[in-house]
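Participant: Please find one structure pasted underneath; my questions will follow.
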Protein chains: 2
Amino acid sequence: MLLYNRPQWSRKEAFPINDAFQKLDPEKQRRIWDAVIKEFAQNGYAKASTNRMVQEAGIGKGMLFYYFNSKEDLFRSALEYSIDFISRAYVEKLDFSSPDFITRMKQAVETKMRAYLENPMPFVLVANLHIHQDAAELVPDLKKRLDDMAAERMADFFANVDTTLFRDDVPPEHVLNLIRWSIDGWSNEIIASLQQVNLTDYDWDSSVKEFYEFLAVLRRVLYKEVDHGDSEGQ
Amino acid sequence: MLLYNRPQWSRKEAFPINDAFQKLDPEKQRRIWDAVIKEFAQNGYAKASTNRMVQEAGIGKGMLFYYFNSKEDLFRSALEYSIDFISRAYVEKLDFSSPDFITRMKQAVETKMRAYLENPMPFVLVANLHIHQDAAELVPDLKKRLDDMAAERMADFFANVDTTLFRDDVPPEHVLNLIRWSIDGWSNEIIASLQQVNLTDYDWDSSVKEFYEFLAVLRRVLYKEVDHGDSEGQ
DNA sequence: ACATATTTCGACCAGATTGGTCAATAAGTT
DNA sequence: AACTTATTGACCAATCTGGTCGAAATATGT
């Protein structure tokens with residue numbers, strides 16, 4: 001509507017020129033996403049400020065509304081981008097082939113760690129969604145997609161686990177919880193300590209080694225006794 | 001100073017009349033604290049809105065600045081109140097007399113749960129302090145008091161633990177971590193499920209029973225084998 | 001070289017929100 | 001009645017809000 005006599009140099013309102021953003025230098029895209037997602041993650045939708053976003057991203061105010069047409073579009077795009085990244089870099093790389101639950105958890109936590117280090121903000125946004133109702137209500141479809149994704153992941157995660165590996169004087173669901181919570185606790189502390197130390201000079205090797213030792217301990221206390229010879233491959 | 005010739009009906013600026021607030025109906029005090037602390041906990045200092053506070057508390061705007069003189073005073077008072085409550089209802093009730101780590105953890109988690117249910121907002125405020133720099137910077141002394149309190153609690157917690165109770169094919173620090181993380185994971189899930197269900201009709205009995213079973217499992221897998229006969233008293 | 005198209009900026013807008021004040025009044029107290 | 005205390009919400013200047021737009025810079029094509 002009204003398009004016919006609108007001068008061509010102002011196609012702005014005609015349809016979204018998101019492609020202008022896509023054509024941007026990837027580094028700049030990343031800077032913008034970081035600033036935008038961080039602001040939304042910290043403040044939800046209503047209280048997030050587009051002014052602070054452009055300031056942190058180091059771009060002019062106009063550009064944000066040139067790439068995305070409105071704050072609402074921007075939020076939707078930011079969440080879509082986050083879901084895409086998490087799917088691609090984490091969820092789709094999960095490997096449920098092993099029936100050994102600890103092996104599964106190990107693979108999952110490593111994959112998540114790698115994805116988180118490559119691009120942490122999407123994880124933060126999604127994790128904080130549930131405390132910002134206004135944001136979640138704005139995009140019910142995306143919220144549902146996320147919930148479904150989480151539910152499906154959970155189901156896959158616990159499907160076809162070989163519980164006969166577990167010691168049999170303890171109910172298997174307790175063993176599963178124990179493993180889950182221990183590994184969560186471990187990775188939470190890693191992430192917490194990560195935020196205080198420079199990423200580059202963090203001692204990953206010794207951290208990974210500790211993690212493997214920790215998994216071995218879990219095996220020893222929660223699995224059936226096994227003819228020893230170090231069960232952990234790689 | 002300046003007190004002598006100031007008209008008595010305006011002692012307002014002379015010194016804080018916090019006592020006016022103290023004399024309030026305790027229920028009203030509580031309503032106000034809930035609103036105030038919630039707003040600060042969610043938004044930090046700068047982004048918290050006194051307007052929203054008075055609206056949620058159901059009092060007139062003027063009263064907030066009558067009880068407390070400024071937003072800054074208000075924040076300080078709110079954090080002091082929170083620290084006091086946490087100390088009184090949680091930290092001071094911790095019992096480190098038993099050398100059995102699981103017994104200690106059990107007592108601690110029960111105490112914290114009770115305190116949290118009685119008055120959750122102070123815990124939320126203190127837990128969120130570290131993600132709101134502006135708030136923490138405003139009251140460096142209180143921040144330090146909190147950090148010291150946490151450090152001291154941690155130290156007491158691990159002091160004089162009888163590690164000979166633990167199975168000796170696993171390093172004791174791993175056993176300690178395993179217990180800590182498992183119990184944290186358990187209580188996190190309780191709190192999460194609590195937020196979706198009506199508090200009054202939550203099935204506490206079965207939840208507590210599950211917790212005890214869970215502790216028994218921890219004992220079985222992490223402690224030395226012991227002549228059975230159910231070790232858990234009460 | 002020029003002309004046209006695309007990016008980029010930031011001053012600017014009206015409307016909302018900010019922390020804080022204060023005159024008016026309601027509720028107690030003596 | 002006289003006086004003190006508690007309470008309100010309209011009001012203030014200052015700041016911030018999402019969003020616009022003209023102008024300038026840059027890229028592209030010829």
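Ordering of the structure tokens sets the chain letters (A, B, ...); residue numbers start at 1 within each chain; ligands are numbered from 1 in the order shown.
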Neighbours of DT30 of chain D within 12 Å (only C-alpha atoms (C1' of nucleotides); same-chain residues fewer than 4 positions away dropped), as a PDB file with all heavy atoms, in the first residue's frame?
Facilitator:
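Generated output (out03.pdb):
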ATOM      1  P    DA C   1      38.817  14.063 -11.219  1.00  0.00           P
ATOM      2  OP1  DA C   1      39.422  15.250 -11.148  1.00  0.00           O
ATOM      3  OP2  DA C   1      38.755  13.200 -10.192  1.00  0.00           O
ATOM      4  O5'  DA C   1      37.699  13.771 -12.249  1.00  0.00           O
ATOM      5  C5'  DA C   1      37.435  14.683 -13.251  1.00  0.00           C
ATOM      6  C4'  DA C   1      36.068  14.328 -13.747  1.00  0.00           C
ATOM      7  O4'  DA C   1      36.056  12.883 -13.957  1.00  0.00           O
ATOM      8  C3'  DA C   1      34.971  14.601 -12.705  1.00  0.00           C
ATOM      9  O3'  DA C   1      34.293  15.791 -13.075  1.00  0.00           O
ATOM     10  C2'  DA C   1      34.028  13.401 -12.835  1.00  0.00           C
ATOM     11  C1'  DA C   1      34.826  12.354 -13.567  1.00  0.00           C
ATOM     12  N9   DA C   1      35.132  11.153 -12.751  1.00  0.00           N
ATOM     13  C8   DA C   1      36.022  11.073 -11.725  1.00  0.00           C
ATOM     14  N7   DA C   1      36.106   9.865 -11.216  1.00  0.00           N
ATOM     15  C5   DA C   1      35.203   9.116 -11.940  1.00  0.00           C
ATOM     16  C6   DA C   1      34.806   7.750 -11.881  1.00  0.00           C
ATOM     17  N6   DA C   1      35.328   6.884 -11.016  1.00  0.00           N
ATOM     18  N1   DA C   1      33.874   7.346 -12.757  1.00  0.00           N
ATOM     19  C2   DA C   1      33.370   8.227 -13.628  1.00  0.00           C
ATOM     20  N3   DA C   1      33.669   9.520 -13.799  1.00  0.00           N
ATOM     21  C4   DA C   1      34.587   9.901 -12.910  1.00  0.00           C
ATOM     22  P    DC C   2      33.091  16.387 -12.472  1.00  0.00           P
ATOM     23  OP1  DC C   2      32.733  17.555 -13.290  1.00  0.00           O
ATOM     24  OP2  DC C   2      33.397  16.546 -11.049  1.00  0.00           O
ATOM     25  O5'  DC C   2      31.940  15.292 -12.613  1.00  0.00           O
ATOM     26  C5'  DC C   2      31.409  14.997 -13.880  1.00  0.00           C
ATOM     27  C4'  DC C   2      30.421  13.851 -13.728  1.00  0.00           C
ATOM     28  O4'  DC C   2      31.095  12.684 -13.221  1.00  0.00           O
ATOM     29  C3'  DC C   2      29.279  14.130 -12.745  1.00  0.00           C
ATOM     30  O3'  DC C   2      28.060  13.979 -13.443  1.00  0.00           O
ATOM     31  C2'  DC C   2      29.461  13.110 -11.635  1.00  0.00           C
ATOM     32  C1'  DC C   2      30.214  12.001 -12.353  1.00  0.00           C
ATOM     33  N1   DC C   2      31.032  11.107 -11.480  1.00  0.00           N
ATOM     34  C2   DC C   2      30.792   9.732 -11.477  1.00  0.00           C
ATOM     35  O2   DC C   2      29.910   9.284 -12.218  1.00  0.00           O
ATOM     36  N3   DC C   2      31.528   8.921 -10.682  1.00  0.00           N
ATOM     37  C4   DC C   2      32.484   9.451  -9.904  1.00  0.00           C
ATOM     38  N4   DC C   2      33.193   8.621  -9.138  1.00  0.00           N
ATOM     39  C5   DC C   2      32.753  10.850  -9.892  1.00  0.00           C
ATOM     40  C6   DC C   2      32.019  11.635 -10.681  1.00  0.00           C
ATOM     41  P    DA C   3      26.760  14.699 -12.909  1.00  0.00           P
ATOM     42  OP1  DA C   3      26.079  15.413 -14.008  1.00  0.00           O
ATOM     43  OP2  DA C   3      27.064  15.387 -11.641  1.00  0.00           O
ATOM     44  O5'  DA C   3      25.917  13.401 -12.591  1.00  0.00           O
ATOM     45  C5'  DA C   3      25.754  12.418 -13.599  1.00  0.00           C
ATOM     46  C4'  DA C   3      25.267  11.127 -12.966  1.00  0.00           C
ATOM     47  O4'  DA C   3      26.342  10.519 -12.214  1.00  0.00           O
ATOM     48  C3'  DA C   3      24.103  11.323 -11.994  1.00  0.00           C
ATOM     49  O3'  DA C   3      23.137  10.326 -12.257  1.00  0.00           O
ATOM     50  C2'  DA C   3      24.737  11.144 -10.620  1.00  0.00           C
ATOM     51  C1'  DA C   3      25.847  10.148 -10.933  1.00  0.00           C
ATOM     52  N9   DA C   3      26.991  10.175 -10.008  1.00  0.00           N
ATOM     53  C8   DA C   3      27.652  11.281  -9.532  1.00  0.00           C
ATOM     54  N7   DA C   3      28.653  10.997  -8.721  1.00  0.00           N
ATOM     55  C5   DA C   3      28.642   9.610  -8.668  1.00  0.00           C
ATOM     56  C6   DA C   3      29.456   8.692  -7.975  1.00  0.00           C
ATOM     57  N6   DA C   3      30.469   9.048  -7.195  1.00  0.00           N
ATOM     58  N1   DA C   3      29.171   7.376  -8.142  1.00  0.00           N
ATOM     59  C2   DA C   3      28.152   7.029  -8.934  1.00  0.00           C
ATOM     60  N3   DA C   3      27.325   7.794  -9.638  1.00  0.00           N
ATOM     61  C4   DA C   3      27.625   9.087  -9.459  1.00  0.00           C
ATOM     62  P    DT C   4      21.620  10.567 -11.791  1.00  0.00           P
ATOM     63  OP1  DT C   4      20.822  10.678 -13.019  1.00  0.00           O
ATOM     64  OP2  DT C   4      21.538  11.624 -10.761  1.00  0.00           O
ATOM     65  O5'  DT C   4      21.278   9.171 -11.111  1.00  0.00           O
ATOM     66  C5'  DT C   4      21.904   7.991 -11.596  1.00  0.00           C
ATOM     67  C4'  DT C   4      22.229   7.068 -10.440  1.00  0.00           C
ATOM     68  O4'  DT C   4      23.442   7.458  -9.778  1.00  0.00           O
ATOM     69  C3'  DT C   4      21.152   6.993  -9.351  1.00  0.00           C
ATOM     70  O3'  DT C   4      20.715   5.659  -9.259  1.00  0.00           O
ATOM     71  C2'  DT C   4      21.869   7.477  -8.096  1.00  0.00           C
ATOM     72  C1'  DT C   4      23.308   7.107  -8.416  1.00  0.00           C
ATOM     73  N1   DT C   4      24.369   7.784  -7.631  1.00  0.00           N
ATOM     74  C2   DT C   4      25.291   7.028  -6.967  1.00  0.00           C
ATOM     75  O2   DT C   4      25.296   5.816  -6.992  1.00  0.00           O
ATOM     76  N3   DT C   4      26.254   7.749  -6.281  1.00  0.00           N
ATOM     77  C4   DT C   4      26.355   9.129  -6.198  1.00  0.00           C
ATOM     78  O4   DT C   4      27.242   9.653  -5.551  1.00  0.00           O
ATOM     79  C5   DT C   4      25.334   9.859  -6.907  1.00  0.00           C
ATOM     80  C7   DT C   4      25.348  11.353  -6.880  1.00  0.00           C
ATOM     81  C6   DT C   4      24.404   9.170  -7.592  1.00  0.00           C
TER      82       DT C   4
END
Participant: Extract, using only C-alpha atoms (C1' of nucleotides), all DNA, RNA and protein residues at most 12 Å from DT15 of chain D, discarding same-chain residues fewer than 2 positions from it, and format them as a list in words.
Facilitator: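 In the requested form, the answer reads DA16, DT17, DT18 and DG19 of chain C; DA13 and DT17 of chain D.
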Participant: Using only C-alpha atoms (C1' of nucleotides), select each residue of chain D with any atom at most 8 Å away from an atom of chain B, and give the selection as a list in words.
Facilitator: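 Contact residues on the first chain: DT7, DT8 and DG9 of chain D.
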Participant: Create the file for the chosen residues now, containing all heavy atoms and written as a PDB file, in the first residue's frame.
Facilitator:
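Saved to out07.pdb:
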ATOM      1  P    DT D   7       0.843   5.869  58.318  1.00  0.00           P
ATOM      2  OP1  DT D   7      -0.058   4.682  58.366  1.00  0.00           O
ATOM      3  OP2  DT D   7       2.308   5.681  58.244  1.00  0.00           O
ATOM      4  O5'  DT D   7       0.357   6.738  57.106  1.00  0.00           O
ATOM      5  C5'  DT D   7      -1.052   6.958  56.934  1.00  0.00           C
ATOM      6  C4'  DT D   7      -1.304   7.815  55.709  1.00  0.00           C
ATOM      7  O4'  DT D   7      -0.865   9.160  55.975  1.00  0.00           O
ATOM      8  C3'  DT D   7      -0.542   7.400  54.455  1.00  0.00           C
ATOM      9  O3'  DT D   7      -1.458   6.740  53.587  1.00  0.00           O
ATOM     10  C2'  DT D   7      -0.023   8.706  53.858  1.00  0.00           C
ATOM     11  C1'  DT D   7      -0.670   9.768  54.726  1.00  0.00           C
ATOM     12  N1   DT D   7       0.165  10.979  54.971  1.00  0.00           N
ATOM     13  C2   DT D   7      -0.294  12.191  54.540  1.00  0.00           C
ATOM     14  O2   DT D   7      -1.360  12.339  53.970  1.00  0.00           O
ATOM     15  N3   DT D   7       0.550  13.260  54.813  1.00  0.00           N
ATOM     16  C4   DT D   7       1.778  13.201  55.454  1.00  0.00           C
ATOM     17  O4   DT D   7       2.432  14.207  55.641  1.00  0.00           O
ATOM     18  C5   DT D   7       2.197  11.892  55.874  1.00  0.00           C
ATOM     19  C7   DT D   7       3.511  11.714  56.580  1.00  0.00           C
ATOM     20  C6   DT D   7       1.390  10.849  55.615  1.00  0.00           C
ATOM     21  P    DT D   8      -0.941   6.145  52.185  1.00  0.00           P
ATOM     22  OP1  DT D   8      -1.781   4.981  51.876  1.00  0.00           O
ATOM     23  OP2  DT D   8       0.534   6.013  52.191  1.00  0.00           O
ATOM     24  O5'  DT D   8      -1.351   7.302  51.193  1.00  0.00           O
ATOM     25  C5'  DT D   8      -2.707   7.771  51.225  1.00  0.00           C
ATOM     26  C4'  DT D   8      -2.804   9.087  50.509  1.00  0.00           C
ATOM     27  O4'  DT D   8      -1.950  10.056  51.158  1.00  0.00           O
ATOM     28  C3'  DT D   8      -2.333   9.037  49.057  1.00  0.00           C
ATOM     29  O3'  DT D   8      -3.465   9.054  48.226  1.00  0.00           O
ATOM     30  C2'  DT D   8      -1.459  10.284  48.898  1.00  0.00           C
ATOM     31  C1'  DT D   8      -1.652  11.042  50.193  1.00  0.00           C
ATOM     32  N1   DT D   8      -0.469  11.782  50.693  1.00  0.00           N
ATOM     33  C2   DT D   8      -0.453  13.157  50.610  1.00  0.00           C
ATOM     34  O2   DT D   8      -1.364  13.814  50.148  1.00  0.00           O
ATOM     35  N3   DT D   8       0.695  13.748  51.112  1.00  0.00           N
ATOM     36  C4   DT D   8       1.783  13.109  51.663  1.00  0.00           C
ATOM     37  O4   DT D   8       2.749  13.734  52.078  1.00  0.00           O
ATOM     38  C5   DT D   8       1.703  11.667  51.715  1.00  0.00           C
ATOM     39  C7   DT D   8       2.834  10.877  52.304  1.00  0.00           C
ATOM     40  C6   DT D   8       0.596  11.080  51.233  1.00  0.00           C
ATOM     41  P    DG D   9      -3.457   8.272  46.864  1.00  0.00           P
ATOM     42  OP1  DG D   9      -4.829   7.791  46.620  1.00  0.00           O
ATOM     43  OP2  DG D   9      -2.320   7.333  46.857  1.00  0.00           O
ATOM     44  O5'  DG D   9      -3.136   9.447  45.846  1.00  0.00           O
ATOM     45  C5'  DG D   9      -3.961  10.594  45.865  1.00  0.00           C
ATOM     46  C4'  DG D   9      -3.239  11.744  45.190  1.00  0.00           C
ATOM     47  O4'  DG D   9      -2.128  12.172  46.016  1.00  0.00           O
ATOM     48  C3'  DG D   9      -2.598  11.388  43.837  1.00  0.00           C
ATOM     49  O3'  DG D   9      -2.669  12.537  43.012  1.00  0.00           O
ATOM     50  C2'  DG D   9      -1.151  11.109  44.212  1.00  0.00           C
ATOM     51  C1'  DG D   9      -0.955  12.209  45.232  1.00  0.00           C
ATOM     52  N9   DG D   9       0.193  12.036  46.109  1.00  0.00           N
ATOM     53  C8   DG D   9       0.802  10.858  46.466  1.00  0.00           C
ATOM     54  N7   DG D   9       1.819  11.030  47.272  1.00  0.00           N
ATOM     55  C5   DG D   9       1.879  12.413  47.452  1.00  0.00           C
ATOM     56  C6   DG D   9       2.769  13.197  48.220  1.00  0.00           C
ATOM     57  O6   DG D   9       3.700  12.818  48.918  1.00  0.00           O
ATOM     58  N1   DG D   9       2.475  14.564  48.126  1.00  0.00           N
ATOM     59  C2   DG D   9       1.443  15.082  47.383  1.00  0.00           C
ATOM     60  N2   DG D   9       1.311  16.407  47.410  1.00  0.00           N
ATOM     61  N3   DG D   9       0.604  14.355  46.663  1.00  0.00           N
ATOM     62  C4   DG D   9       0.881  13.034  46.742  1.00  0.00           C
TER      63       DG D   9
END
Participant: Mind checking which residues fall within 12 Å of DT30 of chain C, counting only C-alpha atoms (C1' of nucleotides), ignoring those fewer than 3 positions away in the same chain, and posting them as a count of residues only?
Facilitator: 4
Participant: Kindly determine which residues of chain B lie within 9 Å of chain C, considering only C-alpha atoms (C1' of nucleotides), and give the answer as a list of chain:residue names.
Facilitator: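 Every residue of chain B that passes the 9 Å test is in B:Ser49, B:Thr50, B:Asn51, B:Gly62, B:Phe65, B:Ser70, B:Lys71.
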Participant: Here is a test: counting only C-alpha atoms, which residue of B:Met53, B:Val175, B:Val109, B:Val226 is nearest to chain A?
Facilitator: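 Among B:Met53, B:Val175, B:Val109, B:Val226, it is B:Val175 that comes nearest to chain A.
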Participant: Which chain A residues are at most 7 Å from chain B (counting only C-alpha atoms), as a ChimeraX atom specification?
Facilitator: /A:170,178,181-182,185,217,221-222
Participant: Which residues are close to Val91 of chain A, i.e. within 9 Å by only C-alpha atoms (C1' of nucleotides), leaving aside same-chain residues fewer than 6 positions away? Reply as a list in words.
Facilitator: Ala108, Thr111, Lys112, Met149 and Arg153 of chain A
Participant: Write the selection just made, keeping C-alpha atoms, as a compact mmCIF listing (two decimals), in the first residue's frame?
Facilitator:
# COMPACT_ATOMS: atom_id res chain seq x y z
CA ALA A 108 27.13 -33.14 26.50
CA THR A 111 29.84 -29.75 23.72
CA LYS A 112 27.99 -27.15 25.75
CA MET A 149 13.43 -28.32 22.49
CA ARG A 153 16.44 -33.05 24.76
Participant: Can you list, as a PyMOL selection string, every protein, DNA or RNA residue that comes within 10 Å of Asp95 of chain A when you count only C-alpha atoms (C1' of nucleotides), leaving out same-chain residues fewer than 6 positions away?
Facilitator: chain A and resi 103-105+107-108+111+156-157
Participant: Just give me the gap between atom CA of Pro122 of chain B and atom CA of Leu79 of chain B in Å, one decimal is fine.
Facilitator: 7.7 Å
Participant: In Å, rounded to a single decimal, give me how far atom CA of Ala57 of chain B is from atom CA of Phe123 of chain B.
Facilitator: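 Result for atom CA of Phe123 of chain B versus atom CA of Ala57 of chain B: 19.1 Å, one decimal.
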Participant: Return as number ranges by chain the full set of residues in segment 130-220 of chain B whose backbone-based DSSP assignment is helix (DSSP H, G or I).
Facilitator: B: 130-131, 133-138, 140-158, 163-165, 172-194, 204-220
